[in-house]
Structures are given as structure tokens and as C-alpha cells.
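Here's run16.pdb, which has PDB, C-alpha atoms and all ligand atoms:
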```
ATOM      1  CA  MET O 664     -10.792  -1.273   4.529  1.00  0.00           C
ATOM      2  CA  ALA O 665      -8.718   0.801   2.110  1.00  0.00           C
ATOM      3  CA  GLN O 666     -10.661   3.179  -0.098  1.00  0.00           C
ATOM      4  CA  PRO O 667      -9.874   2.760  -3.824  1.00  0.00           C
ATOM      5  CA  GLY O 668     -11.210   6.266  -4.459  1.00  0.00           C
ATOM      6  CA  ASN O 669      -8.331   7.811  -2.544  1.00  0.00           C
ATOM      7  CA  LYS O 670      -5.212   6.193  -3.944  1.00  0.00           C
ATOM      8  CA  HIS O 671      -1.726   7.584  -3.562  1.00  0.00           C
ATOM      9  CA  PRO O 672      -1.025   9.218  -6.961  1.00  0.00           C
ATOM     10  CA  GLN O 673       2.179   7.253  -7.508  1.00  0.00           C
ATOM     11  CA  ASN O 674       0.629   3.780  -7.366  1.00  0.00           C
ATOM     12  CA  VAL O 675       1.229   1.859 -10.560  1.00  0.00           C
ATOM     13  CA  PRO O 676      -2.034   0.876 -12.294  1.00  0.00           C
ATOM     14  CA  GLY O 677      -3.615  -2.353 -11.101  1.00  0.00           C
ATOM     15  CA  PRO O 678      -5.602  -3.845  -8.260  1.00  0.00           C
ATOM     16  CA  TRP O 679      -3.048  -3.220  -5.502  1.00  0.00           C
ATOM     17  CA  TYR O 680      -2.640   0.273  -4.053  1.00  0.00           C
ATOM     18  CA  CYS O 681      -1.919   2.343  -0.977  1.00  0.00           C
ATOM     19  CA  THR O 682      -4.213   5.181   0.006  1.00  0.00           C
ATOM     20  CA  ASN O 683      -3.255   8.820   0.339  1.00  0.00           C
ATOM     21  CA  SER O 684      -2.000  10.059   3.683  1.00  0.00           C
ATOM     22  CA  ASP O 685      -4.872  12.555   3.848  1.00  0.00           C
ATOM     23  CA  ASP O 686      -7.597   9.929   3.478  1.00  0.00           C
ATOM     24  CA  ALA O 687     -10.558  11.447   5.334  1.00  0.00           C
ATOM     25  CA  SER O 688     -11.607   8.023   6.596  1.00  0.00           C
ATOM     26  CA  GLY O 689      -8.484   7.876   8.764  1.00  0.00           C
ATOM     27  CA  GLU O 690      -7.087   4.982   6.746  1.00  0.00           C
ATOM     28  CA  GLY O 691      -4.363   6.936   5.001  1.00  0.00           C
ATOM     29  CA  CYS O 692      -0.770   5.786   5.136  1.00  0.00           C
ATOM     30  CA  ILE O 693       1.065   6.941   8.261  1.00  0.00           C
ATOM     31  CA  ALA O 694       4.547   6.203   6.893  1.00  0.00           C
ATOM     32  CA  CYS O 695       5.248   3.385   9.343  1.00  0.00           C
ATOM     33  CA  SER O 696       7.488   1.564   6.817  1.00  0.00           C
ATOM     34  CA  VAL O 697       6.024  -1.880   7.531  1.00  0.00           C
ATOM     35  CA  CYS O 698       5.155  -2.633   3.906  1.00  0.00           C
ATOM     36  CA  ASN O 699       8.177  -1.084   2.231  1.00  0.00           C
ATOM     37  CA  THR O 700      10.526  -3.031   4.473  1.00  0.00           C
ATOM     38  CA  GLY O 701       8.462  -6.245   4.352  1.00  0.00           C
ATOM     39  CA  ALA O 702       8.036  -6.257   0.571  1.00  0.00           C
ATOM     40  CA  PRO O 703      10.436  -3.658  -0.863  1.00  0.00           C
ATOM     41  CA  ASP O 704      10.025  -4.885  -4.442  1.00  0.00           C
ATOM     42  CA  PHE O 705       6.364  -3.902  -4.351  1.00  0.00           C
ATOM     43  CA  PHE O 706       5.973  -1.054  -1.850  1.00  0.00           C
ATOM     44  CA  VAL O 707       8.156   2.041  -1.972  1.00  0.00           C
ATOM     45  CA  ALA O 708       8.114   5.175   0.159  1.00  0.00           C
ATOM     46  CA  ASP O 709       7.678   8.554  -1.525  1.00  0.00           C
ATOM     47  CA  ASP O 710       9.767  11.607  -0.591  1.00  0.00           C
ATOM     48  CA  ASN O 711       7.646  12.097   2.524  1.00  0.00           C
ATOM     49  CA  GLY O 712       7.814   8.472   3.640  1.00  0.00           C
ATOM     50  CA  TYR O 713       4.309   7.518   2.528  1.00  0.00           C
ATOM     51  CA  SER O 714       4.070   4.238   0.665  1.00  0.00           C
ATOM     52  CA  TYR O 715       2.712   3.470  -2.760  1.00  0.00           C
ATOM     53  CA  VAL O 716       2.635   0.345  -4.896  1.00  0.00           C
ATOM     54  CA  TYR O 717       5.691   0.369  -7.110  1.00  0.00           C
ATOM     55  CA  LYS O 718       5.020  -2.981  -8.807  1.00  0.00           C
ATOM     56  CA  GLN O 719       1.897  -5.113  -8.976  1.00  0.00           C
ATOM     57  CA  PRO O 720       2.308  -8.672  -7.654  1.00  0.00           C
ATOM     58  CA  THR O 721       1.490 -11.395 -10.169  1.00  0.00           C
ATOM     59  CA  THR O 722       2.680 -14.789  -8.959  1.00  0.00           C
ATOM     60  CA  PRO O 723       0.988 -16.576  -6.044  1.00  0.00           C
ATOM     61  CA  GLU O 724       4.131 -16.035  -3.963  1.00  0.00           C
ATOM     62  CA  GLU O 725       4.214 -12.314  -4.737  1.00  0.00           C
ATOM     63  CA  ILE O 726       0.522 -11.941  -3.989  1.00  0.00           C
ATOM     64  CA  ALA O 727       0.938 -13.793  -0.696  1.00  0.00           C
ATOM     65  CA  LEU O 728       3.784 -11.473   0.282  1.00  0.00           C
ATOM     66  CA  CYS O 729       1.712  -8.397  -0.516  1.00  0.00           C
ATOM     67  CA  GLN O 730      -1.272  -9.863   1.301  1.00  0.00           C
ATOM     68  CA  GLU O 731       0.930 -10.151   4.393  1.00  0.00           C
ATOM     69  CA  GLN O 732       1.655  -6.423   4.127  1.00  0.00           C
ATOM     70  CA  LEU O 733      -2.052  -5.660   3.645  1.00  0.00           C
ATOM     71  CA  GLU O 734      -2.857  -7.524   6.841  1.00  0.00           C
ATOM     72  CA  ALA O 735       0.064  -5.964   8.731  1.00  0.00           C
ATOM     73  CA  CYS O 736      -0.675  -2.344   7.785  1.00  0.00           C
ATOM     74  CA  PRO O 737      -1.814  -0.697  11.041  1.00  0.00           C
ATOM     75  CA  VAL O 738      -4.275   1.670   9.356  1.00  0.00           C
ATOM     76  CA  THR O 739      -5.599  -0.558   6.538  1.00  0.00           C
ATOM     77  CA  SER O 740      -4.076   1.712   3.937  1.00  0.00           C
ATOM     78  CA  ILE O 741      -3.319  -1.133   1.516  1.00  0.00           C
ATOM     79  CA  GLY O 742      -5.988  -2.396  -0.833  1.00  0.00           C
ATOM     80  CA  ALA O 743      -6.183  -5.077  -3.510  1.00  0.00           C
ATOM     81  CA  ASN O 744      -9.549  -4.085  -4.906  1.00  0.00           C
ATOM     82  CA  GLY O 745      -8.498  -1.162  -7.085  1.00  0.00           C
TER      83      GLY O 745
HETATM   84  S1  LIG Y   1       2.124  -0.484   6.236  1.00  0.00           S
HETATM   85 FE1  LIG Y   1       0.429   0.930   5.787  1.00  0.00          FE
HETATM   86  S2  LIG Y   1       0.820   2.755   7.044  1.00  0.00           S
HETATM   87 FE2  LIG Y   1       2.719   1.564   6.974  1.00  0.00          FE
HETATM   88  S3  LIG Y   1       3.918   2.451   5.290  1.00  0.00           S
HETATM   89 FE3  LIG Y   1       2.714   0.720   4.442  1.00  0.00          FE
HETATM   90  S4  LIG Y   1       0.787   1.603   3.685  1.00  0.00           S
HETATM   91 FE4  LIG Y   1       1.761   3.109   5.055  1.00  0.00          FE
END
```

Please express what this file holds, its structure, as C-alpha cells.
Ligand code: SF4
Amino acid sequence: MAQPGNKHPQNVPGPWYCTNSDDASGEGCIACSVCNTGAPDFFVADDNGYSYVYKQPTTPEEIALCQEQLEACPVTSIGANG
């Protein structure tokens, strides 16, 4: 489960976030590009390829799309409990 205490610094404020690549729990983003290709309006890669939440989802459809990315992330780096 993603750790809200170790968010990527570029996440926009709100419940959704990606964790930092150096998350000591081993759940940091590994720059696999799953989320930023699956939901590019919401997840964007930084200069090093690590993702952060660019826009918070609000509608049920947007939330469902982001939830798909959360479940697809191979290292559980995406959280919705921030
Ligand atoms: S799916 Fe997870 S590991 Fe892959 S880029 Fe997104 S946050 Fe990073």
C-alpha cells in the first residue's frame, strides 16, 4: 500500500498521489509508465521518468480510471488516501 508520508514532491494537493522513487518501503515509483500512459490527464512523468499526480480526479469516470492505474501499478506506488 502506498505511503502518504512519502509523496513525490510534484503531486498536486489532494487524496491521489504517487510515492517517491526512494520510498524505503520498496513501494516507490519505478518509472514503468503504466499510469502515465493509461491515464495521461492525471499522471505525468517527471524529468527522470517517475510519475506524479498532475490533476486530481473528480468525476466517477475519472476516479475509476485512476483506480485502474492504482491497481495496475506494479509496486503499489499510487495512493488515494493522501
Ligand atoms: S504505474 Fe506505478 S511504478 Fe509505474 S510509473 Fe506509475 S506510479 Fe510509477

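For the residues O:Ser714, O:Thr700, O:Gln730, O:Asn669, ranking by smallest atom-to-atom distance to ligand LIG 1 (chain Y) using all atoms listed in the file places O:Ser714 first.
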
Using the chain letters and numbers from this file, what does the PyMOL selection byres (((not hetatm)) within 12 of (chain Y and resi 1)) select? Give the answer as a short mmCIF file (atom, residue, chain, number, x, y, z; two decimals) with C-alpha atoms, keeping the file's coordinate frame.
```cif
data_model
loop_
_atom_site.label_atom_id
_atom_site.label_comp_id
_atom_site.auth_asym_id
_atom_site.auth_seq_id
_atom_site.Cartn_x
_atom_site.Cartn_y
_atom_site.Cartn_z
CA MET O 664 -10.79 -1.27 4.53
CA ALA O 665 -8.72 0.80 2.11
CA LYS O 670 -5.21 6.19 -3.94
CA HIS O 671 -1.73 7.58 -3.56
CA ASN O 674 0.63 3.78 -7.37
CA TRP O 679 -3.05 -3.22 -5.50
CA TYR O 680 -2.64 0.27 -4.05
CA CYS O 681 -1.92 2.34 -0.98
CA THR O 682 -4.21 5.18 0.01
CA ASN O 683 -3.26 8.82 0.34
CA SER O 684 -2.00 10.06 3.68
CA ASP O 685 -4.87 12.56 3.85
CA ASP O 686 -7.60 9.93 3.48
CA GLY O 689 -8.48 7.88 8.76
CA GLU O 690 -7.09 4.98 6.75
CA GLY O 691 -4.36 6.94 5.00
CA CYS O 692 -0.77 5.79 5.14
CA ILE O 693 1.06 6.94 8.26
CA ALA O 694 4.55 6.20 6.89
CA CYS O 695 5.25 3.38 9.34
CA SER O 696 7.49 1.56 6.82
CA VAL O 697 6.02 -1.88 7.53
CA CYS O 698 5.16 -2.63 3.91
CA ASN O 699 8.18 -1.08 2.23
CA THR O 700 10.53 -3.03 4.47
CA GLY O 701 8.46 -6.24 4.35
CA ALA O 702 8.04 -6.26 0.57
CA PRO O 703 10.44 -3.66 -0.86
CA PHE O 705 6.36 -3.90 -4.35
CA PHE O 706 5.97 -1.05 -1.85
CA VAL O 707 8.16 2.04 -1.97
CA ALA O 708 8.11 5.18 0.16
CA ASP O 709 7.68 8.55 -1.52
CA ASN O 711 7.65 12.10 2.52
CA GLY O 712 7.81 8.47 3.64
CA TYR O 713 4.31 7.52 2.53
CA SER O 714 4.07 4.24 0.66
CA TYR O 715 2.71 3.47 -2.76
CA VAL O 716 2.64 0.34 -4.90
CA TYR O 717 5.69 0.37 -7.11
CA CYS O 729 1.71 -8.40 -0.52
CA GLN O 730 -1.27 -9.86 1.30
CA GLU O 731 0.93 -10.15 4.39
CA GLN O 732 1.66 -6.42 4.13
CA LEU O 733 -2.05 -5.66 3.64
CA GLU O 734 -2.86 -7.52 6.84
CA ALA O 735 0.06 -5.96 8.73
CA CYS O 736 -0.68 -2.34 7.78
CA PRO O 737 -1.81 -0.70 11.04
CA VAL O 738 -4.28 1.67 9.36
CA THR O 739 -5.60 -0.56 6.54
CA SER O 740 -4.08 1.71 3.94
CA ILE O 741 -3.32 -1.13 1.52
CA GLY O 742 -5.99 -2.40 -0.83
#
```

Separation of CA of Ala743 in chain O from CA of Ile726 in chain O, in Å and rounded to one decimal: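 Taking CA of Ala743 in chain O as the start and CA of Ile726 in chain O as the end point, the length is 9.6 Å.
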
Q. What does the distance between CA of Glu725 in chain O and CA of Gly677 in chain O come to in Å, to one decimal place?
A.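 Spanning CA of Glu725 in chain O to CA of Gly677 in chain O is a straight-line distance of 14.2 Å.
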
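Between CA of Glu724 in chain O and CA of Val675 in chain O the interatomic distance comes to 19.3 Å.
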
Name the residues that the PyMOL selection byres (((chain O and resi 745) around 6) and not hetatm) picks from the file above, as JSON, numbers by chain, using the file's chain letters and numbers. {"O": [667, 678, 743, 744]}

Need the axis-aligned box for range 697-709 of chain O with 8 Å each side, so what are the centre and edges in Å to one decimal, as AutoDock Vina command-line options?
```
--center_x 7.8 --center_y 1.1 --center_z 1.5 --size_x 21.4 --size_y 30.8 --size_z 28.0
```

Please, could N, CA and C atoms be added to range 717-743 of chain O and the result written as a PDB file, in the coordinates of the input?
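Below is the file that was written, selection09.pdb:
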```
ATOM      1  N   TYR O 717       4.694   0.120  -6.068  1.00  0.00           N
ATOM      2  CA  TYR O 717       5.691   0.369  -7.110  1.00  0.00           C
ATOM      3  C   TYR O 717       5.574  -0.667  -8.227  1.00  0.00           C
ATOM      4  N   LYS O 718       5.147  -1.873  -7.848  1.00  0.00           N
ATOM      5  CA  LYS O 718       5.020  -2.981  -8.807  1.00  0.00           C
ATOM      6  C   LYS O 718       3.854  -3.846  -8.367  1.00  0.00           C
ATOM      7  N   GLN O 719       3.019  -4.238  -9.308  1.00  0.00           N
ATOM      8  CA  GLN O 719       1.897  -5.113  -8.976  1.00  0.00           C
ATOM      9  C   GLN O 719       2.383  -6.554  -8.827  1.00  0.00           C
ATOM     10  N   PRO O 720       1.941  -7.261  -7.778  1.00  0.00           N
ATOM     11  CA  PRO O 720       2.308  -8.672  -7.654  1.00  0.00           C
ATOM     12  C   PRO O 720       1.530  -9.501  -8.671  1.00  0.00           C
ATOM     13  N   THR O 721       2.170 -10.555  -9.174  1.00  0.00           N
ATOM     14  CA  THR O 721       1.490 -11.395 -10.169  1.00  0.00           C
ATOM     15  C   THR O 721       1.508 -12.881  -9.795  1.00  0.00           C
ATOM     16  N   THR O 722       2.624 -13.365  -9.278  1.00  0.00           N
ATOM     17  CA  THR O 722       2.680 -14.789  -8.959  1.00  0.00           C
ATOM     18  C   THR O 722       1.987 -15.038  -7.612  1.00  0.00           C
ATOM     19  N   PRO O 723       1.596 -16.279  -7.345  1.00  0.00           N
ATOM     20  CA  PRO O 723       0.988 -16.576  -6.044  1.00  0.00           C
ATOM     21  C   PRO O 723       1.889 -16.194  -4.875  1.00  0.00           C
ATOM     22  N   GLU O 724       3.198 -16.387  -5.039  1.00  0.00           N
ATOM     23  CA  GLU O 724       4.131 -16.035  -3.963  1.00  0.00           C
ATOM     24  C   GLU O 724       4.167 -14.527  -3.753  1.00  0.00           C
ATOM     25  N   GLU O 725       4.187 -13.784  -4.842  1.00  0.00           N
ATOM     26  CA  GLU O 725       4.214 -12.314  -4.737  1.00  0.00           C
ATOM     27  C   GLU O 725       2.920 -11.801  -4.109  1.00  0.00           C
ATOM     28  N   ILE O 726       1.815 -12.374  -4.534  1.00  0.00           N
ATOM     29  CA  ILE O 726       0.522 -11.941  -3.989  1.00  0.00           C
ATOM     30  C   ILE O 726       0.443 -12.258  -2.499  1.00  0.00           C
ATOM     31  N   ALA O 727       0.954 -13.419  -2.115  1.00  0.00           N
ATOM     32  CA  ALA O 727       0.938 -13.793  -0.696  1.00  0.00           C
ATOM     33  C   ALA O 727       1.779 -12.822   0.121  1.00  0.00           C
ATOM     34  N   LEU O 728       2.923 -12.419  -0.420  1.00  0.00           N
ATOM     35  CA  LEU O 728       3.784 -11.473   0.282  1.00  0.00           C
ATOM     36  C   LEU O 728       3.085 -10.112   0.441  1.00  0.00           C
ATOM     37  N   CYS O 729       2.428  -9.673  -0.599  1.00  0.00           N
ATOM     38  CA  CYS O 729       1.712  -8.397  -0.516  1.00  0.00           C
ATOM     39  C   CYS O 729       0.494  -8.512   0.400  1.00  0.00           C
ATOM     40  N   GLN O 730      -0.141  -9.653   0.398  1.00  0.00           N
ATOM     41  CA  GLN O 730      -1.272  -9.863   1.301  1.00  0.00           C
ATOM     42  C   GLN O 730      -0.816  -9.775   2.757  1.00  0.00           C
ATOM     43  N   GLU O 731       0.379 -10.268   3.030  1.00  0.00           N
ATOM     44  CA  GLU O 731       0.930 -10.151   4.393  1.00  0.00           C
ATOM     45  C   GLU O 731       1.058  -8.678   4.774  1.00  0.00           C
ATOM     46  N   GLN O 732       1.500  -7.854   3.837  1.00  0.00           N
ATOM     47  CA  GLN O 732       1.655  -6.423   4.127  1.00  0.00           C
ATOM     48  C   GLN O 732       0.277  -5.781   4.342  1.00  0.00           C
ATOM     49  N   LEU O 733      -0.688  -6.181   3.499  1.00  0.00           N
ATOM     50  CA  LEU O 733      -2.052  -5.660   3.645  1.00  0.00           C
ATOM     51  C   LEU O 733      -2.580  -5.939   5.048  1.00  0.00           C
ATOM     52  N   GLU O 734      -2.345  -7.140   5.526  1.00  0.00           N
ATOM     53  CA  GLU O 734      -2.857  -7.524   6.841  1.00  0.00           C
ATOM     54  C   GLU O 734      -2.053  -6.903   7.975  1.00  0.00           C
ATOM     55  N   ALA O 735      -0.794  -6.556   7.692  1.00  0.00           N
ATOM     56  CA  ALA O 735       0.064  -5.964   8.731  1.00  0.00           C
ATOM     57  C   ALA O 735      -0.071  -4.456   8.828  1.00  0.00           C
ATOM     58  N   CYS O 736      -0.565  -3.812   7.778  1.00  0.00           N
ATOM     59  CA  CYS O 736      -0.675  -2.344   7.785  1.00  0.00           C
ATOM     60  C   CYS O 736      -1.565  -1.907   8.952  1.00  0.00           C
ATOM     61  N   PRO O 737      -1.058  -1.040   9.838  1.00  0.00           N
ATOM     62  CA  PRO O 737      -1.814  -0.697  11.041  1.00  0.00           C
ATOM     63  C   PRO O 737      -3.035   0.190  10.800  1.00  0.00           C
ATOM     64  N   VAL O 738      -3.132   0.779   9.615  1.00  0.00           N
ATOM     65  CA  VAL O 738      -4.275   1.670   9.356  1.00  0.00           C
ATOM     66  C   VAL O 738      -5.070   1.237   8.118  1.00  0.00           C
ATOM     67  N   THR O 739      -4.908   0.001   7.709  1.00  0.00           N
ATOM     68  CA  THR O 739      -5.599  -0.558   6.538  1.00  0.00           C
ATOM     69  C   THR O 739      -5.526   0.368   5.329  1.00  0.00           C
ATOM     70  N   SER O 740      -4.302   0.819   5.075  1.00  0.00           N
ATOM     71  CA  SER O 740      -4.076   1.712   3.937  1.00  0.00           C
ATOM     72  C   SER O 740      -3.800   0.962   2.639  1.00  0.00           C
ATOM     73  N   ILE O 741      -3.629  -0.345   2.711  1.00  0.00           N
ATOM     74  CA  ILE O 741      -3.319  -1.133   1.516  1.00  0.00           C
ATOM     75  C   ILE O 741      -4.578  -1.840   1.035  1.00  0.00           C
ATOM     76  N   GLY O 742      -4.833  -1.735  -0.260  1.00  0.00           N
ATOM     77  CA  GLY O 742      -5.988  -2.396  -0.833  1.00  0.00           C
ATOM     78  C   GLY O 742      -5.581  -3.234  -2.033  1.00  0.00           C
ATOM     79  N   ALA O 743      -6.409  -4.222  -2.345  1.00  0.00           N
ATOM     80  CA  ALA O 743      -6.183  -5.077  -3.510  1.00  0.00           C
ATOM     81  C   ALA O 743      -7.423  -5.097  -4.390  1.00  0.00           C
TER      82      ALA O 743
END
```
